[in-house]
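Pasting protein.cif here (mmCIF, C-alpha atoms and all ligand atoms):
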```cif
data_start
#
loop_
_atom_site.group_PDB
_atom_site.id
_atom_site.type_symbol
_atom_site.label_atom_id
_atom_site.label_comp_id
_atom_site.auth_asym_id
_atom_site.auth_seq_id
_atom_site.Cartn_x
_atom_site.Cartn_y
_atom_site.Cartn_z
ATOM 1 C CA MET A 1 5.804 3.294 -23.018
ATOM 2 C CA ARG A 2 9.307 4.358 -23.920
ATOM 3 C CA ILE A 3 12.041 4.130 -21.272
ATOM 4 C CA ASP A 4 15.443 5.778 -21.729
ATOM 5 C CA VAL A 5 18.174 4.775 -19.300
ATOM 6 C CA ILE A 6 21.559 6.431 -18.863
ATOM 7 C CA THR A 7 23.853 3.769 -17.455
ATOM 8 C CA LEU A 8 27.481 2.685 -17.445
ATOM 9 C CA PHE A 9 26.206 -0.908 -17.569
ATOM 10 C CA PRO A 10 23.641 -1.116 -20.386
ATOM 11 C CA ASP A 11 23.912 -4.920 -20.508
ATOM 12 C CA PHE A 12 22.620 -5.072 -16.938
ATOM 13 C CA ILE A 13 19.444 -3.181 -17.879
ATOM 14 C CA ARG A 14 18.962 -5.076 -21.143
ATOM 15 C CA THR A 15 19.409 -8.478 -19.509
ATOM 16 C CA ALA A 16 17.097 -7.682 -16.594
ATOM 17 C CA ALA A 17 14.456 -6.336 -18.979
ATOM 18 C CA ASP A 18 14.549 -9.422 -21.198
ATOM 19 C CA ILE A 19 13.270 -11.776 -18.497
ATOM 20 C CA GLY A 20 9.768 -12.793 -17.430
ATOM 21 C CA VAL A 21 6.826 -10.404 -17.507
ATOM 22 C CA VAL A 22 8.918 -7.389 -18.561
ATOM 23 C CA GLY A 23 10.540 -9.423 -21.353
ATOM 24 C CA ARG A 24 7.045 -10.342 -22.519
ATOM 25 C CA ALA A 25 5.905 -6.693 -22.316
ATOM 26 C CA LYS A 26 8.898 -5.783 -24.484
ATOM 27 C CA ALA A 27 8.189 -8.585 -26.941
ATOM 28 C CA ARG A 28 4.553 -7.447 -27.155
ATOM 29 C CA GLY A 29 5.705 -3.894 -27.913
ATOM 30 C CA LEU A 30 4.206 -2.503 -24.687
ATOM 31 C CA ILE A 31 7.519 -1.082 -23.535
ATOM 32 C CA GLU A 32 10.564 -0.044 -25.462
ATOM 33 C CA ILE A 33 13.887 0.426 -23.674
ATOM 34 C CA ALA A 34 16.821 2.483 -24.953
ATOM 35 C CA THR A 35 20.122 2.572 -23.047
ATOM 36 C CA TRP A 36 22.720 5.324 -23.258
ATOM 37 C CA ASN A 37 26.254 4.754 -21.986
ATOM 38 C CA PRO A 38 28.111 7.955 -20.952
ATOM 39 C CA ARG A 39 31.349 6.262 -22.036
ATOM 40 C CA ASP A 40 30.080 6.352 -25.624
ATOM 41 C CA PHE A 41 29.958 10.160 -25.272
ATOM 42 C CA ALA A 42 33.393 10.597 -23.671
ATOM 43 C CA GLN A 43 35.880 12.649 -25.648
ATOM 44 C CA ASP A 44 39.146 10.970 -24.724
ATOM 45 C CA ASN A 45 40.670 7.718 -25.926
ATOM 46 C CA TYR A 46 40.041 6.066 -22.574
ATOM 47 C CA ARG A 47 36.263 6.671 -22.781
ATOM 48 C CA SER A 48 36.471 8.297 -19.344
ATOM 49 C CA ALA A 49 33.166 8.980 -17.631
ATOM 50 C CA ASP A 50 34.387 9.417 -14.041
ATOM 51 C CA GLU A 51 37.083 11.326 -12.190
ATOM 52 C CA ARG A 52 38.481 11.746 -8.683
ATOM 53 C CA PRO A 53 36.418 13.996 -6.379
ATOM 54 C CA TYR A 54 37.448 17.586 -5.711
ATOM 55 C CA GLY A 55 38.331 18.037 -2.063
ATOM 56 C CA GLY A 56 39.885 14.569 -1.925
ATOM 57 C CA GLY A 57 38.446 11.445 -0.435
ATOM 58 C CA PRO A 58 37.788 7.968 -1.730
ATOM 59 C CA GLY A 59 36.220 6.785 -4.963
ATOM 60 C CA MET A 60 35.257 8.374 -8.232
ATOM 61 C CA VAL A 61 32.478 10.708 -9.368
ATOM 62 C CA MET A 62 30.627 10.551 -12.687
ATOM 63 C CA MET A 63 31.559 13.608 -14.778
ATOM 64 C CA VAL A 64 29.167 16.213 -16.149
ATOM 65 C CA ASP A 65 30.381 16.331 -19.740
ATOM 66 C CA PRO A 66 29.791 12.742 -20.963
ATOM 67 C CA LEU A 67 26.495 12.723 -19.080
ATOM 68 C CA ARG A 68 25.415 16.000 -20.687
ATOM 69 C CA ARG A 69 26.099 14.578 -24.152
ATOM 70 C CA ALA A 70 24.141 11.433 -23.281
ATOM 71 C CA LEU A 71 21.306 13.670 -22.039
ATOM 72 C CA ASP A 72 21.334 15.627 -25.314
ATOM 73 C CA ALA A 73 21.144 12.336 -27.209
ATOM 74 C CA VAL A 74 18.136 11.202 -25.161
ATOM 75 C CA ARG A 75 16.388 14.525 -25.798
ATOM 76 C CA ALA A 76 17.224 14.386 -29.529
ATOM 77 C CA ALA A 77 15.710 10.889 -29.673
ATOM 78 C CA GLY A 78 12.451 12.263 -28.254
ATOM 79 C CA GLY A 79 13.006 11.295 -24.618
ATOM 80 C CA PRO A 80 11.875 13.442 -21.673
ATOM 81 C CA ASP A 81 13.677 16.652 -20.871
ATOM 82 C CA LYS A 82 14.559 15.693 -17.312
ATOM 83 C CA ALA A 83 15.594 12.419 -15.740
ATOM 84 C CA ILE A 84 14.612 10.480 -12.661
ATOM 85 C CA TYR A 85 17.782 9.779 -10.688
ATOM 86 C CA LEU A 86 17.869 6.474 -8.809
ATOM 87 C CA SER A 87 19.405 7.534 -5.520
ATOM 88 C CA PRO A 88 19.406 6.492 -1.859
ATOM 89 C CA GLN A 89 18.609 10.143 -1.129
ATOM 90 C CA GLY A 90 15.374 10.089 -3.153
ATOM 91 C CA ALA A 91 11.763 9.585 -2.135
ATOM 92 C CA ARG A 92 11.084 5.964 -1.234
ATOM 93 C CA LEU A 93 9.448 4.005 -4.066
ATOM 94 C CA THR A 94 5.883 2.868 -3.305
ATOM 95 C CA GLN A 95 3.207 1.063 -5.311
ATOM 96 C CA ARG A 96 1.330 4.401 -5.617
ATOM 97 C CA LYS A 97 4.408 5.934 -7.224
ATOM 98 C CA VAL A 98 4.830 2.886 -9.469
ATOM 99 C CA GLU A 99 1.216 3.266 -10.625
ATOM 100 C CA GLU A 100 1.814 6.942 -11.373
ATOM 101 C CA LEU A 101 5.008 6.197 -13.347
ATOM 102 C CA ALA A 102 3.275 3.373 -15.227
ATOM 103 C CA ARG A 103 0.729 5.845 -16.637
ATOM 104 C CA ARG A 104 3.424 8.026 -18.239
ATOM 105 C CA GLU A 105 4.217 7.662 -21.920
ATOM 106 C CA LYS A 106 7.937 8.248 -21.455
ATOM 107 C CA LEU A 107 10.362 7.637 -18.648
ATOM 108 C CA PHE A 108 13.975 8.674 -18.344
ATOM 109 C CA LEU A 109 16.074 6.921 -15.689
ATOM 110 C CA LEU A 110 19.562 7.908 -14.599
ATOM 111 C CA CYS A 111 21.819 5.363 -12.894
ATOM 112 C CA GLY A 112 24.739 6.462 -10.753
ATOM 113 C CA ARG A 113 27.884 4.495 -9.903
ATOM 114 C CA TYR A 114 30.894 4.962 -7.621
ATOM 115 C CA GLU A 115 30.427 7.880 -5.180
ATOM 116 C CA GLY A 116 27.628 9.213 -7.352
ATOM 117 C CA ILE A 117 27.170 11.950 -9.967
ATOM 118 C CA ASP A 118 28.586 15.485 -10.155
ATOM 119 C CA GLU A 119 25.998 17.642 -8.387
ATOM 120 C CA ARG A 120 25.864 20.160 -11.258
ATOM 121 C CA PHE A 121 24.455 17.520 -13.574
ATOM 122 C CA LEU A 122 21.813 16.539 -11.023
ATOM 123 C CA GLU A 123 20.795 20.189 -10.578
ATOM 124 C CA HIS A 124 20.286 20.706 -14.302
ATOM 125 C CA ALA A 125 19.095 17.382 -15.632
ATOM 126 C CA VAL A 126 17.109 15.745 -12.846
ATOM 127 C CA ASP A 127 13.650 16.669 -11.588
ATOM 128 C CA GLU A 128 12.994 13.682 -9.357
ATOM 129 C CA GLU A 129 14.975 11.226 -7.221
ATOM 130 C CA ILE A 130 13.722 7.763 -6.307
ATOM 131 C CA SER A 131 15.155 5.421 -3.713
ATOM 132 C CA ILE A 132 14.403 1.712 -3.465
ATOM 133 C CA GLY A 133 15.035 1.766 0.302
ATOM 134 C CA ASP A 134 17.187 3.030 3.121
ATOM 135 C CA TYR A 135 20.351 1.176 2.182
ATOM 136 C CA VAL A 136 23.106 1.772 -0.353
ATOM 137 C CA ILE A 137 23.725 -0.468 -3.336
ATOM 138 C CA SER A 138 26.695 -0.105 -5.644
ATOM 139 C CA GLY A 139 24.867 1.223 -8.687
ATOM 140 C CA GLY A 140 21.546 2.585 -9.896
ATOM 141 C CA GLU A 141 21.044 -0.235 -12.419
ATOM 142 C CA LEU A 142 19.523 -2.647 -9.911
ATOM 143 C CA ALA A 143 17.176 0.125 -8.731
ATOM 144 C CA ALA A 144 16.279 1.040 -12.327
ATOM 145 C CA ALA A 145 15.584 -2.634 -13.079
ATOM 146 C CA ILE A 146 13.212 -2.714 -10.105
ATOM 147 C CA VAL A 147 11.376 0.373 -11.359
ATOM 148 C CA ILE A 148 11.177 -1.066 -14.889
ATOM 149 C CA ASP A 149 9.882 -4.398 -13.595
ATOM 150 C CA ALA A 150 7.283 -2.808 -11.319
ATOM 151 C CA ILE A 151 5.911 -0.525 -14.041
ATOM 152 C CA GLY A 152 6.353 -3.060 -16.861
ATOM 153 C CA ARG A 153 3.991 -5.541 -15.223
ATOM 154 C CA LEU A 154 1.330 -2.822 -14.932
ATOM 155 C CA GLN A 155 1.281 -2.103 -18.661
ATOM 156 C CA GLU A 156 -2.034 -3.200 -20.107
ATOM 157 C CA GLY A 157 -1.529 -6.612 -21.709
ATOM 158 C CA ALA A 158 1.752 -7.406 -19.933
ATOM 159 C CA LEU A 159 0.238 -9.872 -17.460
ATOM 160 C CA ASN A 160 -1.715 -12.764 -18.903
ATOM 161 C CA ASP A 161 -4.371 -12.136 -16.284
ATOM 162 C CA ALA A 162 -4.748 -8.421 -15.469
ATOM 163 C CA GLN A 163 -6.617 -9.318 -12.266
ATOM 164 C CA SER A 164 -3.453 -10.696 -10.721
ATOM 165 C CA ALA A 165 -1.940 -7.187 -10.414
ATOM 166 C CA GLU A 166 -5.174 -5.879 -8.903
ATOM 167 C CA GLN A 167 -4.964 -8.541 -6.197
ATOM 168 C CA ASP A 168 -1.312 -7.954 -5.369
ATOM 169 C CA SER A 169 -0.170 -6.405 -2.114
ATOM 170 C CA PHE A 170 -0.551 -2.609 -1.920
ATOM 171 C CA SER A 171 -2.810 -2.261 -4.974
ATOM 172 C CA ASN A 172 -5.842 -1.744 -2.708
ATOM 173 C CA GLY A 173 -3.742 -0.554 0.220
ATOM 174 C CA LEU A 174 -3.670 -4.017 1.839
ATOM 175 C CA LEU A 175 -1.288 -6.969 1.810
ATOM 176 C CA ASP A 176 -2.279 -9.890 -0.410
ATOM 177 C CA CYS A 177 -4.108 -12.920 1.029
ATOM 178 C CA PRO A 178 -2.414 -16.352 1.293
ATOM 179 C CA HIS A 179 -2.472 -18.580 -1.802
ATOM 180 C CA TYR A 180 -2.664 -22.377 -2.121
ATOM 181 C CA THR A 181 -2.361 -24.878 -4.957
ATOM 182 C CA ARG A 182 -2.353 -28.668 -5.367
ATOM 183 C CA PRO A 183 -2.361 -30.941 -3.433
ATOM 184 C CA GLU A 184 -5.437 -30.346 -1.256
ATOM 185 C CA ARG A 185 -3.948 -32.343 1.611
ATOM 186 C CA ASP A 186 -0.314 -32.402 2.611
ATOM 187 C CA ALA A 187 1.753 -33.464 5.624
ATOM 188 C CA TRP A 188 2.279 -29.732 6.257
ATOM 189 C CA GLY A 189 -1.402 -28.900 6.246
ATOM 190 C CA ASP A 190 -4.636 -28.854 4.286
ATOM 191 C CA VAL A 191 -6.001 -26.190 1.974
ATOM 192 C CA PRO A 192 -8.624 -24.073 3.794
ATOM 193 C CA PRO A 193 -11.962 -25.765 2.935
ATOM 194 C CA VAL A 194 -13.611 -22.516 1.783
ATOM 195 C CA LEU A 195 -11.230 -22.373 -1.203
ATOM 196 C CA LEU A 196 -12.525 -25.773 -2.349
ATOM 197 C CA SER A 197 -16.182 -24.908 -1.795
ATOM 198 C CA GLY A 198 -16.882 -23.267 -5.153
ATOM 199 C CA ASP A 199 -18.807 -20.591 -3.237
ATOM 200 C CA HIS A 200 -17.366 -17.461 -4.865
ATOM 201 C CA ALA A 201 -18.955 -15.026 -2.425
ATOM 202 C CA ALA A 202 -17.549 -16.958 0.544
ATOM 203 C CA ILE A 203 -14.106 -17.169 -1.137
ATOM 204 C CA ARG A 204 -14.084 -13.415 -1.787
ATOM 205 C CA ARG A 205 -14.983 -12.741 1.862
ATOM 206 C CA TRP A 206 -12.318 -15.169 3.143
ATOM 207 C CA ARG A 207 -9.649 -13.577 0.966
ATOM 208 C CA LEU A 208 -10.603 -10.067 2.014
ATOM 209 C CA LYS A 209 -10.581 -11.131 5.660
ATOM 210 C CA GLN A 210 -7.103 -12.666 5.295
ATOM 211 C CA SER A 211 -5.833 -9.543 3.530
ATOM 212 C CA LEU A 212 -7.165 -7.321 6.280
ATOM 213 C CA GLY A 213 -5.856 -9.632 8.997
ATOM 214 C CA ARG A 214 -2.382 -9.943 7.503
ATOM 215 C CA THR A 215 -2.125 -6.201 7.072
ATOM 216 C CA TRP A 216 -3.206 -5.738 10.688
ATOM 217 C CA LEU A 217 -0.602 -8.262 11.879
ATOM 218 C CA ARG A 218 2.316 -7.325 9.602
ATOM 219 C CA ARG A 219 1.815 -3.730 8.456
ATOM 220 C CA PRO A 220 -0.686 -2.001 10.760
ATOM 221 C CA ASP A 221 0.643 1.337 9.444
ATOM 222 C CA LEU A 222 -1.049 0.603 6.094
ATOM 223 C CA LEU A 223 -4.466 0.128 7.677
ATOM 224 C CA ALA A 224 -4.544 3.781 8.744
ATOM 225 C CA HIS A 225 -4.785 4.749 5.052
ATOM 226 C CA VAL A 226 -7.498 2.281 4.066
ATOM 227 C CA ALA A 227 -11.066 3.576 3.833
ATOM 228 C CA ALA A 228 -12.656 0.493 5.401
ATOM 229 C CA ASP A 229 -16.376 -0.042 4.735
ATOM 230 C CA LYS A 230 -18.805 -1.851 7.066
ATOM 231 C CA GLU A 231 -17.996 -5.283 5.641
ATOM 232 C CA MET A 232 -14.246 -4.744 5.979
ATOM 233 C CA ARG A 233 -14.569 -3.601 9.585
ATOM 234 C CA ALA A 234 -16.701 -6.649 10.417
ATOM 235 C CA LEU A 235 -14.251 -9.017 8.692
ATOM 236 C CA LEU A 236 -11.275 -7.513 10.496
ATOM 237 C CA ASP A 237 -13.083 -7.848 13.839
ATOM 238 C CA GLU A 238 -13.792 -11.475 12.985
ATOM 239 C CA PHE A 239 -10.118 -12.069 12.091
ATOM 240 C CA ARG A 240 -8.934 -10.434 15.323
ATOM 241 C CA ARG A 241 -11.307 -12.568 17.406
ATOM 242 C CA GLU A 242 -10.191 -15.760 15.657
ATOM 243 C CA HIS A 243 -6.542 -14.774 15.994
ATOM 244 C CA ARG A 244 -6.953 -14.000 19.710
ATOM 245 C CA ASP A 245 -8.744 -17.332 20.297
ATOM 246 C CA ALA A 246 -6.101 -19.280 18.356
ATOM 247 C CA THR A 247 -3.287 -17.560 20.295
ATOM 248 C CA GLN A 248 -5.068 -18.281 23.563
ATOM 249 C CA ALA A 249 -5.583 -21.928 22.599
ATOM 250 C CA ARG A 250 -1.871 -22.284 21.774
ATOM 251 C CA GLU A 251 -0.888 -20.761 25.116
ATOM 252 C CA ASP A 252 -3.306 -23.042 27.003
ATOM 253 C CA LYS A 253 -2.036 -26.172 25.259
ATOM 254 C CA PRO A 254 0.890 -27.837 27.089
ATOM 255 C CA ASP A 255 4.043 -28.268 24.948
ATOM 256 C CA ARG A 256 4.057 -32.043 25.403
ATOM 257 C CA PRO A 257 1.429 -34.557 26.468
ATOM 258 C CA ARG A 258 1.109 -34.788 30.264
ATOM 259 C CA ASP A 259 2.892 -37.736 31.850
ATOM 260 C CA PRO A 260 0.092 -39.733 33.537
ATOM 261 C CA THR A 261 2.560 -40.941 36.217
ATOM 262 C CA ASP A 262 3.428 -37.351 37.109
ATOM 263 C CA LYS A 263 1.656 -36.671 40.442
ATOM 264 C CA ASN A 264 2.069 -32.864 40.264
HETATM 265 C C1 LIG A 301 27.482 3.671 -3.982
HETATM 266 S S1 LIG A 301 26.063 4.554 -4.497
HETATM 267 C C2 LIG A 301 26.489 6.198 -4.087
HETATM 268 C C3 LIG A 301 25.813 6.635 -2.828
HETATM 269 C C4 LIG A 301 26.054 8.094 -2.491
HETATM 270 N N1 LIG A 301 27.432 8.348 -2.180
HETATM 271 C C5 LIG A 301 25.180 8.445 -1.282
HETATM 272 O O1 LIG A 301 25.568 8.062 -0.168
HETATM 273 O O2 LIG A 301 24.115 9.057 -1.452
HETATM 274 C C6 LIG A 301 26.169 4.531 -6.246
HETATM 275 C C7 LIG A 301 24.845 4.681 -6.961
HETATM 276 O O3 LIG A 301 23.975 3.625 -6.620
HETATM 277 C C8 LIG A 301 22.638 4.038 -6.722
HETATM 278 N N2 LIG A 301 21.959 3.714 -5.464
HETATM 279 C C9 LIG A 301 22.539 3.345 -4.307
HETATM 280 N N3 LIG A 301 21.639 3.099 -3.363
HETATM 281 C C10 LIG A 301 20.424 3.317 -3.914
HETATM 282 C C11 LIG A 301 19.088 3.245 -3.421
HETATM 283 N N4 LIG A 301 18.829 2.919 -2.166
HETATM 284 N N5 LIG A 301 18.081 3.526 -4.272
HETATM 285 C C12 LIG A 301 18.326 3.884 -5.551
HETATM 286 N N6 LIG A 301 19.592 3.969 -6.070
HETATM 287 C C13 LIG A 301 20.615 3.692 -5.265
HETATM 288 C C14 LIG A 301 22.656 5.525 -7.056
HETATM 289 O O4 LIG A 301 22.416 5.688 -8.433
HETATM 290 C C15 LIG A 301 24.073 5.934 -6.687
HETATM 291 O O5 LIG A 301 24.542 7.009 -7.437
#
```
Could you spell out this file's structure in structure tokens?
Amino acid sequence: MRIDVITLFPDFIRTAADIGVVGRAKARGLIEIATWNPRDFAQDNYRSADERPYGGGPGMVMMVDPLRRALDAVRAAGGPDKAIYLSPQGARLTQRKVEELARREKLFLLCGRYEGIDERFLEHAVDEEISIGDYVISGGELAAAIVIDAIGRLQEGALNDAQSAEQDSFSNGLLDCPHYTRPERDAWGDVPPVLLSGDHAAIRRWRLKQSLGRTWLRRPDLLAHVAADKEMRALLDEFRREHRDATQAREDKPDRPRDPTDKN
């Protein structure tokens, strides 16, 4: 996959994309990232890419002209015609969207700064807006790095074990199950015995039950979109019963041992 990014801070994107799984995907030639700085396309000696907003008010706005030249350069290099603008006003990024983006051969990301980008550029050069959440960050680079990371790890061959992405939260519509590693016993608790049993069918069932249970407890909204089969419904019922019993047992248990001299 080829990813073109228009950004005033190309080092940010390059550094973020050099680390971990995405760095490995790059090294393995699974993704290629090209950055385009509007300042390199400015026509004055100051390399200006932003100006004060018409109508007054605080801050600066990224100008059409340097951006348009950067866009032409992306197109000339074989990049997509239109960009995805990282914006708090865009559609919220989800794993489904990440999976869709990961299947594309080319991606073109546009990062804003300051108050944002001149609306005329957005109207002509952008066909999609993506938000990483309902909050405002100071630039699109962090959001673009999130998109690149999320899609980079889905490229075939990027993860050493492809199964790990399949088991992650959201990939099957559920949250991931809990994970444990050495030691088996610790002052803060023991590893659930089923995980040490070697019984793969029982382990699969336990993990599915935990996934269903966690989703029910933490993100019940997700469960509405899961096509649960008979086994899943039975496992979730089992989890709910166990959870209710454990909650009841905690409520029944006194906070401290009873004082045997206490007559009440
Ligand atoms: C300070 S913000 C400008 C926000 C803009 N004035 C608004 O309220 O819609 C600067 C840039 O950060 C990026 N940005 C901010 N919040 C974002 C979010 N939640 N998701 C994606 N990009 C975001 C956008 O590229 C934006 O142009």
The PyMOL selection byres (((chain A and resi 197-213) around 7) and not hetatm) resolved against shown file, as a ChimeraX atom specification = /A:174-177,193-196,214-217,235-236,239
What does the PyMOL selection byres (((not hetatm)) within 6 of (chain A and resi 301)) select in this file, as number ranges by chain?
-> A: 86-89, 111-116, 131-140, 143
Translate the PyMOL selection byres (((chain A and resi 91) around 7) and not hetatm), as applied to the file shown, into an explicit residue set as a VMD selection string.
-> chain A and resid 89 to 90 92 to 93 129 to 131
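Closest approach to Arg24 (chain A) among A:Ala125, A:Met62, A:Ala234, A:Ala158: A:Ala158, based on only C-alpha atoms.
Across the model, the gap from CA of Gly23 (chain A) to CA of Gln167 (chain A) is 21.7 Å.
You will find CA of Phe41 (chain A) at 11.2 Å from CA of Ile6 (chain A).
Minimum atom-to-atom distances from A:Ala76, A:Leu107, A:Met60, A:Leu101 to Arg2 (chain A) were compared using only C-alpha atoms, and the lowest value belongs to A:Leu107.
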